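Asker: Coordinates in structure-v6.cif, mmCIF, C-alpha atoms, are listed below.
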```cif
data_start
loop_
_atom_site.group_PDB
_atom_site.id
_atom_site.type_symbol
_atom_site.label_atom_id
_atom_site.label_comp_id
_atom_site.auth_asym_id
_atom_site.auth_seq_id
_atom_site.Cartn_x
_atom_site.Cartn_y
_atom_site.Cartn_z
ATOM 1 C CA MET D 1 46.058 -55.727 -93.673
ATOM 2 C CA GLY D 2 48.230 -55.560 -90.572
ATOM 3 C CA VAL D 3 51.524 -53.899 -89.758
ATOM 4 C CA VAL D 4 54.695 -55.429 -91.221
ATOM 5 C CA GLY D 5 58.030 -54.433 -89.734
ATOM 6 C CA GLY D 6 61.560 -55.180 -90.884
ATOM 7 C CA ILE D 7 64.691 -56.040 -88.927
ATOM 8 C CA ILE D 8 68.125 -55.453 -90.463
ATOM 9 C CA LEU D 9 70.751 -57.404 -88.491
ATOM 10 C CA ALA D 10 74.015 -55.432 -88.558
ATOM 11 C CA ALA D 11 75.613 -56.083 -85.180
ATOM 12 C CA GLY D 12 78.252 -58.730 -85.945
ATOM 13 C CA LEU D 13 81.990 -58.701 -85.419
ATOM 14 C CA SER D 14 82.689 -59.500 -89.091
ATOM 15 C CA GLU D 15 85.422 -61.929 -88.046
ATOM 16 C CA ARG D 16 85.901 -63.493 -91.485
ATOM 17 C CA MET D 17 86.530 -60.137 -93.175
ATOM 18 C CA SER D 18 90.148 -58.984 -92.977
ATOM 19 C CA GLY D 19 90.998 -55.300 -92.971
ATOM 20 C CA ALA D 20 90.344 -52.228 -90.878
ATOM 21 C CA LEU D 21 86.599 -52.067 -91.492
ATOM 22 C CA PRO D 22 83.896 -54.531 -90.480
ATOM 23 C CA LYS D 23 81.895 -55.606 -93.510
ATOM 24 C CA GLN D 24 78.904 -53.476 -92.532
ATOM 25 C CA LEU D 25 81.003 -50.355 -93.183
ATOM 26 C CA LEU D 26 82.651 -51.395 -96.452
ATOM 27 C CA PRO D 27 82.084 -48.919 -99.310
ATOM 28 C CA VAL D 28 79.467 -50.103 -101.800
ATOM 29 C CA GLY D 29 78.651 -47.757 -104.663
ATOM 30 C CA ASP D 30 77.768 -44.398 -103.135
ATOM 31 C CA THR D 31 77.094 -45.860 -99.676
ATOM 32 C CA THR D 32 78.135 -48.831 -97.509
ATOM 33 C CA LEU D 33 77.059 -52.444 -97.229
ATOM 34 C CA VAL D 34 74.665 -51.613 -94.405
ATOM 35 C CA GLY D 35 73.569 -48.522 -96.296
ATOM 36 C CA VAL D 36 72.445 -50.650 -99.243
ATOM 37 C CA ALA D 37 70.339 -52.845 -96.954
ATOM 38 C CA VAL D 38 68.730 -49.821 -95.318
ATOM 39 C CA ARG D 39 68.075 -48.152 -98.664
ATOM 40 C CA HIS D 40 66.282 -51.202 -100.000
ATOM 41 C CA ALA D 41 64.242 -51.615 -96.814
ATOM 42 C CA GLU D 42 63.221 -47.964 -96.634
ATOM 43 C CA ALA D 43 62.085 -47.978 -100.262
ATOM 44 C CA SER D 44 59.897 -51.025 -99.602
ATOM 45 C CA LEU D 45 56.358 -51.314 -98.291
ATOM 46 C CA LEU D 46 57.575 -52.134 -94.780
ATOM 47 C CA ASP D 47 55.639 -50.093 -92.229
ATOM 48 C CA ARG D 48 58.646 -49.886 -89.903
ATOM 49 C CA VAL D 49 62.376 -50.520 -90.337
ATOM 50 C CA VAL D 50 64.695 -51.334 -87.421
ATOM 51 C CA LEU D 51 68.483 -51.533 -87.714
ATOM 52 C CA VAL D 52 70.157 -53.581 -84.973
ATOM 53 C CA THR D 53 73.709 -52.468 -84.211
ATOM 54 C CA GLY D 54 76.415 -53.958 -82.013
ATOM 55 C CA TYR D 55 80.095 -53.859 -82.990
ATOM 56 C CA ARG D 56 81.201 -50.276 -83.781
ATOM 57 C CA ALA D 57 77.602 -49.303 -83.210
ATOM 58 C CA GLY D 58 77.965 -45.564 -83.688
ATOM 59 C CA GLU D 59 79.622 -45.874 -87.071
ATOM 60 C CA VAL D 60 77.167 -48.509 -88.280
ATOM 61 C CA ALA D 61 74.221 -46.418 -87.084
ATOM 62 C CA GLU D 62 75.563 -43.369 -88.890
ATOM 63 C CA ALA D 63 76.207 -45.345 -92.072
ATOM 64 C CA GLY D 64 72.775 -46.957 -91.957
ATOM 65 C CA SER D 65 70.593 -44.170 -90.630
ATOM 66 C CA ARG D 66 68.546 -42.587 -93.379
ATOM 67 C CA GLY D 67 64.963 -41.367 -93.349
ATOM 68 C CA ARG D 68 62.712 -43.604 -91.281
ATOM 69 C CA THR D 69 65.000 -46.302 -89.897
ATOM 70 C CA GLU D 70 64.985 -46.800 -86.134
ATOM 71 C CA VAL D 71 68.325 -47.839 -84.625
ATOM 72 C CA VAL D 72 68.397 -50.360 -81.768
ATOM 73 C CA HIS D 73 71.692 -51.212 -80.086
ATOM 74 C CA ASN D 74 72.331 -54.753 -78.893
ATOM 75 C CA PRO D 75 74.889 -54.635 -76.063
ATOM 76 C CA GLU D 76 75.059 -58.450 -76.071
ATOM 77 C CA TYR D 77 76.156 -58.677 -79.713
ATOM 78 C CA ARG D 78 79.276 -60.719 -78.868
ATOM 79 C CA SER D 79 77.047 -63.579 -77.730
ATOM 80 C CA GLY D 80 75.842 -64.225 -81.297
ATOM 81 C CA ASN D 81 73.216 -63.179 -83.812
ATOM 82 C CA MET D 82 70.275 -64.538 -81.811
ATOM 83 C CA SER D 83 70.769 -61.757 -79.263
ATOM 84 C CA SER D 84 70.448 -59.219 -82.099
ATOM 85 C CA PHE D 85 67.371 -61.001 -83.414
ATOM 86 C CA ARG D 86 65.769 -60.754 -79.965
ATOM 87 C CA ALA D 87 66.661 -57.058 -79.671
ATOM 88 C CA GLY D 88 65.028 -56.371 -83.016
ATOM 89 C CA ALA D 89 61.993 -58.488 -82.185
ATOM 90 C CA ALA D 90 61.451 -56.628 -78.908
ATOM 91 C CA SER D 91 61.557 -53.286 -80.704
ATOM 92 C CA LEU D 92 58.902 -54.442 -83.188
ATOM 93 C CA GLU D 93 56.507 -55.903 -80.661
ATOM 94 C CA GLY D 94 52.985 -55.217 -81.879
ATOM 95 C CA CYS D 95 53.727 -55.830 -85.557
ATOM 96 C CA ASP D 96 51.610 -58.496 -87.221
ATOM 97 C CA ALA D 97 54.583 -59.827 -89.171
ATOM 98 C CA VAL D 98 58.309 -59.123 -89.472
ATOM 99 C CA VAL D 99 60.712 -59.465 -92.402
ATOM 100 C CA VAL D 100 64.217 -60.466 -91.284
ATOM 101 C CA LEU D 101 67.034 -58.974 -93.361
ATOM 102 C CA LEU D 102 70.825 -59.166 -93.211
ATOM 103 C CA ALA D 103 73.137 -56.181 -93.612
ATOM 104 C CA ASP D 104 75.573 -58.272 -95.662
ATOM 105 C CA MET D 105 73.188 -59.348 -98.476
ATOM 106 C CA PRO D 106 73.018 -56.291 -100.755
ATOM 107 C CA GLY D 107 71.395 -58.324 -103.520
ATOM 108 C CA VAL D 108 68.132 -58.533 -101.556
ATOM 109 C CA THR D 109 66.203 -55.836 -103.359
ATOM 110 C CA THR D 110 63.211 -53.700 -102.517
ATOM 111 C CA ALA D 111 61.108 -55.746 -104.935
ATOM 112 C CA MET D 112 62.027 -58.960 -103.111
ATOM 113 C CA ILE D 113 61.068 -57.481 -99.746
ATOM 114 C CA ASP D 114 57.770 -56.300 -101.218
ATOM 115 C CA ARG D 115 57.121 -59.791 -102.575
ATOM 116 C CA LEU D 116 57.282 -61.210 -99.041
ATOM 117 C CA ILE D 117 54.994 -58.458 -97.791
ATOM 118 C CA ALA D 118 52.520 -59.264 -100.568
ATOM 119 C CA GLU D 119 52.608 -62.936 -99.538
ATOM 120 C CA TRP D 120 51.733 -61.879 -96.008
ATOM 121 C CA HIS D 121 48.842 -59.671 -97.044
ATOM 122 C CA GLU D 122 47.439 -62.339 -99.376
ATOM 123 C CA HIS D 123 48.004 -65.535 -97.371
ATOM 124 C CA GLU D 124 49.050 -64.524 -93.803
ATOM 125 C CA PRO D 125 51.428 -67.492 -93.460
ATOM 126 C CA TRP D 126 52.811 -68.520 -90.093
ATOM 127 C CA ALA D 127 56.230 -67.997 -91.685
ATOM 128 C CA ALA D 128 57.710 -67.627 -95.169
ATOM 129 C CA VAL D 129 61.179 -68.298 -96.558
ATOM 130 C CA SER D 130 62.700 -67.157 -99.841
ATOM 131 C CA SER D 131 63.437 -70.014 -102.249
ATOM 132 C CA TYR D 132 65.998 -69.480 -105.010
ATOM 133 C CA ARG D 133 65.470 -72.296 -107.501
ATOM 134 C CA GLY D 134 64.938 -74.615 -104.567
ATOM 135 C CA GLU D 135 67.666 -73.240 -102.285
ATOM 136 C CA LEU D 136 66.300 -71.565 -99.147
ATOM 137 C CA ALA D 137 67.818 -68.328 -97.883
ATOM 138 C CA HIS D 138 67.013 -64.839 -96.587
ATOM 139 C CA PRO D 139 64.935 -62.792 -96.442
ATOM 140 C CA LEU D 140 62.464 -64.461 -94.094
ATOM 141 C CA LEU D 141 59.018 -63.424 -92.910
ATOM 142 C CA LEU D 142 57.676 -64.401 -89.516
ATOM 143 C CA SER D 143 54.162 -63.842 -88.215
ATOM 144 C CA ALA D 144 53.856 -62.396 -84.716
ATOM 145 C CA GLU D 145 53.151 -65.896 -83.416
ATOM 146 C CA ALA D 146 56.220 -67.385 -85.098
ATOM 147 C CA MET D 147 58.332 -64.392 -84.062
ATOM 148 C CA GLY D 148 57.494 -64.874 -80.408
ATOM 149 C CA ALA D 149 58.395 -68.558 -80.553
ATOM 150 C CA ALA D 150 61.571 -67.985 -82.588
ATOM 151 C CA THR D 151 63.041 -65.676 -79.960
ATOM 152 C CA GLU D 152 63.381 -68.723 -77.708
ATOM 153 C CA ALA D 153 65.725 -70.437 -80.192
ATOM 154 C CA GLN D 154 69.334 -70.838 -79.097
ATOM 155 C CA GLY D 155 72.713 -70.976 -80.814
ATOM 156 C CA ALA D 156 73.988 -70.075 -84.255
ATOM 157 C CA LYS D 157 71.345 -70.117 -86.989
ATOM 158 C CA GLY D 158 68.728 -70.526 -84.291
ATOM 159 C CA VAL D 159 65.919 -69.082 -86.405
ATOM 160 C CA TRP D 160 66.734 -71.385 -89.312
ATOM 161 C CA ARG D 161 66.744 -74.456 -87.062
ATOM 162 C CA PHE D 162 63.462 -73.268 -85.565
ATOM 163 C CA LEU D 163 61.876 -73.033 -89.025
ATOM 164 C CA GLU D 164 63.307 -76.380 -90.130
ATOM 165 C CA ALA D 165 61.653 -77.990 -87.112
ATOM 166 C CA ALA D 166 58.249 -76.451 -87.852
ATOM 167 C CA PRO D 167 55.381 -78.814 -88.739
ATOM 168 C CA SER D 168 54.911 -79.534 -92.436
ATOM 169 C CA GLY D 169 52.956 -76.861 -94.251
ATOM 170 C CA ARG D 170 53.535 -74.066 -91.758
ATOM 171 C CA VAL D 171 56.440 -72.422 -93.610
ATOM 172 C CA ARG D 172 55.554 -71.013 -97.026
ATOM 173 C CA HIS D 173 58.249 -70.986 -99.739
ATOM 174 C CA VAL D 174 58.327 -67.812 -101.839
ATOM 175 C CA ALA D 175 59.998 -68.625 -105.154
ATOM 176 C CA PHE D 176 62.472 -66.297 -106.863
ATOM 177 C CA ASP D 177 63.773 -67.422 -110.248
ATOM 178 C CA ARG D 178 67.365 -66.380 -109.646
ATOM 179 C CA HIS D 179 70.482 -67.402 -107.769
ATOM 180 C CA VAL D 180 70.787 -66.821 -104.026
ATOM 181 C CA PRO D 181 71.908 -63.236 -103.295
ATOM 182 C CA LEU D 182 75.532 -63.224 -102.200
ATOM 183 C CA ASP D 183 76.177 -63.198 -98.462
ATOM 184 C CA VAL D 184 79.308 -61.034 -98.133
ATOM 185 C CA ASN D 185 81.578 -62.677 -95.569
ATOM 186 C CA THR D 186 85.088 -62.458 -97.033
ATOM 187 C CA VAL D 187 87.237 -60.124 -99.106
ATOM 188 C CA ALA D 188 86.637 -62.415 -102.092
ATOM 189 C CA ASP D 189 82.870 -62.039 -101.630
ATOM 190 C CA TYR D 190 83.247 -58.283 -101.415
ATOM 191 C CA ASP D 191 85.228 -58.213 -104.655
ATOM 192 C CA LEU D 192 82.404 -60.095 -106.389
ATOM 193 C CA ILE D 193 79.794 -57.410 -105.672
ATOM 194 C CA ALA D 194 81.874 -54.497 -106.946
ATOM 195 C CA GLY D 195 80.449 -54.797 -110.446
ATOM 196 C CA GLU D 196 76.874 -54.900 -109.167
ATOM 197 C CA PHE D 197 77.246 -51.677 -107.175
ATOM 198 C CA PRO D 198 79.760 -49.483 -109.030
ATOM 199 C CA ALA D 199 81.201 -46.460 -107.285
ATOM 200 C CA SER D 200 79.402 -43.235 -108.172
ATOM 201 C CA GLY D 201 81.120 -40.453 -110.079
#
```
Please render this file's structure as structure tokens.
Answerer:
Amino acid sequence: MGVVGGIILAAGLSERMSGALPKQLLPVGDTTLVGVAVRHAEASLLDRVVLVTGYRAGEVAEAGSRGRTEVVHNPEYRSGNMSSFRAGAASLEGCDAVVVLLADMPGVTTAMIDRLIAEWHEHEPWAAVSSYRGELAHPLLLSAEAMGAATEAQGAKGVWRFLEAAPSGRVRHVAFDRHVPLDVNTVADYDLIAGEFPASG
């Protein structure tokens, strides 16, 4: 069956989000944005879960640390998200496949993560990408072979450009009959998710 790990990227500067808190630490329901991502990952069938921190690392680690999540700090986080991807990849060396998750997409549920894991166990694709009515987005799954090659990618959205350049047929599309989960980048985005994750109490 193989070991499937998960990386949650939560190291960014959150430059498009105004206010005192980076988006990873924004309150969401009874937790935080990063806390939602960790909760969904820990409840999934992932064998290991790694949270990559950078900006305000201690606070993000505390907000995201739950039961079985391993925290890895990326001291090079200011250089861009590829440095965080590499830090996570290095910590999961030995896994047969890795699911790549973002701390700012709370709509990526445990069931969606498990769907990618099921695709791996059934088909063992070189890589797999979530498809939302034809629109490609996270989460992603990379085999160990693809993971090793993807770490050499450079620049913003390096992993996406790496997958787009892959030979035809190597990247499997996993269809979800729903809209793309919101990527929370701005205050307006944050306001949109309030109804989905109401405050407890």
Asker: Give me the residues within 10 Å of His73 in chain D as a count of residues only, counting only C-alpha atoms and dropping any in the same chain fewer than 3 places off.
Answerer: 15
Asker: Translate the PyMOL selection byres ((chain D and resi 46) around 12), as applied to the file shown, into an explicit residue set as a ChimeraX atom specification.
Answerer: /D:2-8,38-45,47-50,68-69,92,95-101,110-118,120-121,141
Asker: Quick one: of D:Val187, D:Val72, D:Met147, D:Leu102, who's nearest to Val159 in chain D, counting all atoms listed in the file?
Answerer: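 The shortest atom-to-atom distance to Val159 in chain D comes from D:Met147.
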Asker: Which one is closest to Trp126 in chain D: D:Thr109, D:Ser168, D:Gln154, D:Asn185? Count all atoms listed in the file.
Answerer: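 With all atoms listed in the file as the atom set, the closest residue is D:Ser168.
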Asker: Put a box with edges along x, y and z around all the listed atoms of range 79-88 of chain D, pad it by 5 Å on each side, then give me its centre and sizes in Å, one decimal, as JSON.
Answerer:
```
{"center_x": 71.0, "center_y": -60.5, "center_z": -80.8, "size_x": 22.0, "size_y": 18.2, "size_z": 16.1}
```
Asker: Do you know which residues the PyMOL selection byres ((chain D and resi 64) around 7) returns on this file, as a VMD selection string?
Answerer: chain D and resid 34 to 35 38 60 to 63 65 to 66
Asker: List every protein, DNA or RNA residue with an atom no more than 10 Å from (71.5, -63.4, -102.9) in the file's coordinates, counting only C-alpha atoms, and format the result as a list in words.
Answerer: Asp104, Met105, Pro106, Gly107, Val108, Thr109, Tyr132, Ala137, His138, Pro139, Arg178, His179, Val180, Pro181, Leu182, Asp183 and Val184 of chain D
Asker: Would you save the residues of that selection, restricted to C-alpha atoms, as a PDB file, in the coordinates of the input?
Answerer:
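Result went into selection-v7.pdb, see below:
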```pdb
ATOM      1  CA  ASP D 104      75.573 -58.272 -95.662  1.00  0.00           C
ATOM      2  CA  MET D 105      73.188 -59.348 -98.476  1.00  0.00           C
ATOM      3  CA  PRO D 106      73.018 -56.291-100.755  1.00  0.00           C
ATOM      4  CA  GLY D 107      71.395 -58.324-103.520  1.00  0.00           C
ATOM      5  CA  VAL D 108      68.132 -58.533-101.556  1.00  0.00           C
ATOM      6  CA  THR D 109      66.203 -55.836-103.359  1.00  0.00           C
ATOM      7  CA  TYR D 132      65.998 -69.480-105.010  1.00  0.00           C
ATOM      8  CA  ALA D 137      67.818 -68.328 -97.883  1.00  0.00           C
ATOM      9  CA  HIS D 138      67.013 -64.839 -96.587  1.00  0.00           C
ATOM     10  CA  PRO D 139      64.935 -62.792 -96.442  1.00  0.00           C
ATOM     11  CA  ARG D 178      67.365 -66.380-109.646  1.00  0.00           C
ATOM     12  CA  HIS D 179      70.482 -67.402-107.769  1.00  0.00           C
ATOM     13  CA  VAL D 180      70.787 -66.821-104.026  1.00  0.00           C
ATOM     14  CA  PRO D 181      71.908 -63.236-103.295  1.00  0.00           C
ATOM     15  CA  LEU D 182      75.532 -63.224-102.200  1.00  0.00           C
ATOM     16  CA  ASP D 183      76.177 -63.198 -98.462  1.00  0.00           C
ATOM     17  CA  VAL D 184      79.308 -61.034 -98.133  1.00  0.00           C
TER      18      VAL D 184
END
```
Asker: Report, in Å with one decimal, the straight-line distance from CA of Ala37 in chain D to CA of Phe85 in chain D.
Answerer: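 Answer for the CA of Ala37 in chain D to CA of Phe85 in chain D separation: 16.1 Å.
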Asker: Between D:His173, D:Lys157, D:Arg78, D:Arg86, which residue has the minimum interatomic distance to Ala127 in chain D, considering all atoms listed in the file?
Answerer: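 The closest residue to Ala127 in chain D is D:His173.
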Asker: In Å to one decimal, how far is CA of Asn81 in chain D from CA of Gly19 in chain D?
Answerer: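 Rounded to one decimal, the two atoms are 21.5 Å apart.
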Asker: Just checking: using all atoms listed in the file, which residue out of D:Ala150, D:Met82, D:Ala89, D:Ala103 ends up closest to Pro22 in chain D?
Answerer: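 Answer, going by the shortest atom-to-atom distance: D:Ala103.
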Asker: From the options D:Gly12, D:Gly29, D:Gly134, D:Gly148, which residue's atoms come nearest to Asn74 in chain D, counting only C-alpha atoms?
Answerer: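 Using only C-alpha atoms, Asn74 in chain D sits closest to D:Gly12.
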Asker: Hey, can you check how far CA of Gly158 in chain D sits from CA of Gln24 in chain D?
Answerer: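 Between CA of Gly158 in chain D and CA of Gln24 in chain D the gap works out to 21.5 Å.
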Asker: Tell me which residues the PyMOL selection byres ((chain D and resi 16) around 9) grabs here, as an MDAnalysis selection string.
Answerer: chainID D and resid 13:15 17:18 185:187
Asker: Taking only C-alpha atoms into account, name the residue in D:Pro125, D:Gly94, D:Gly80, D:Gly169 that is nearest to Gly155 in chain D.
Answerer: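 Between D:Pro125, D:Gly94, D:Gly80, D:Gly169, the residue approaching Gly155 in chain D most closely is D:Gly80.
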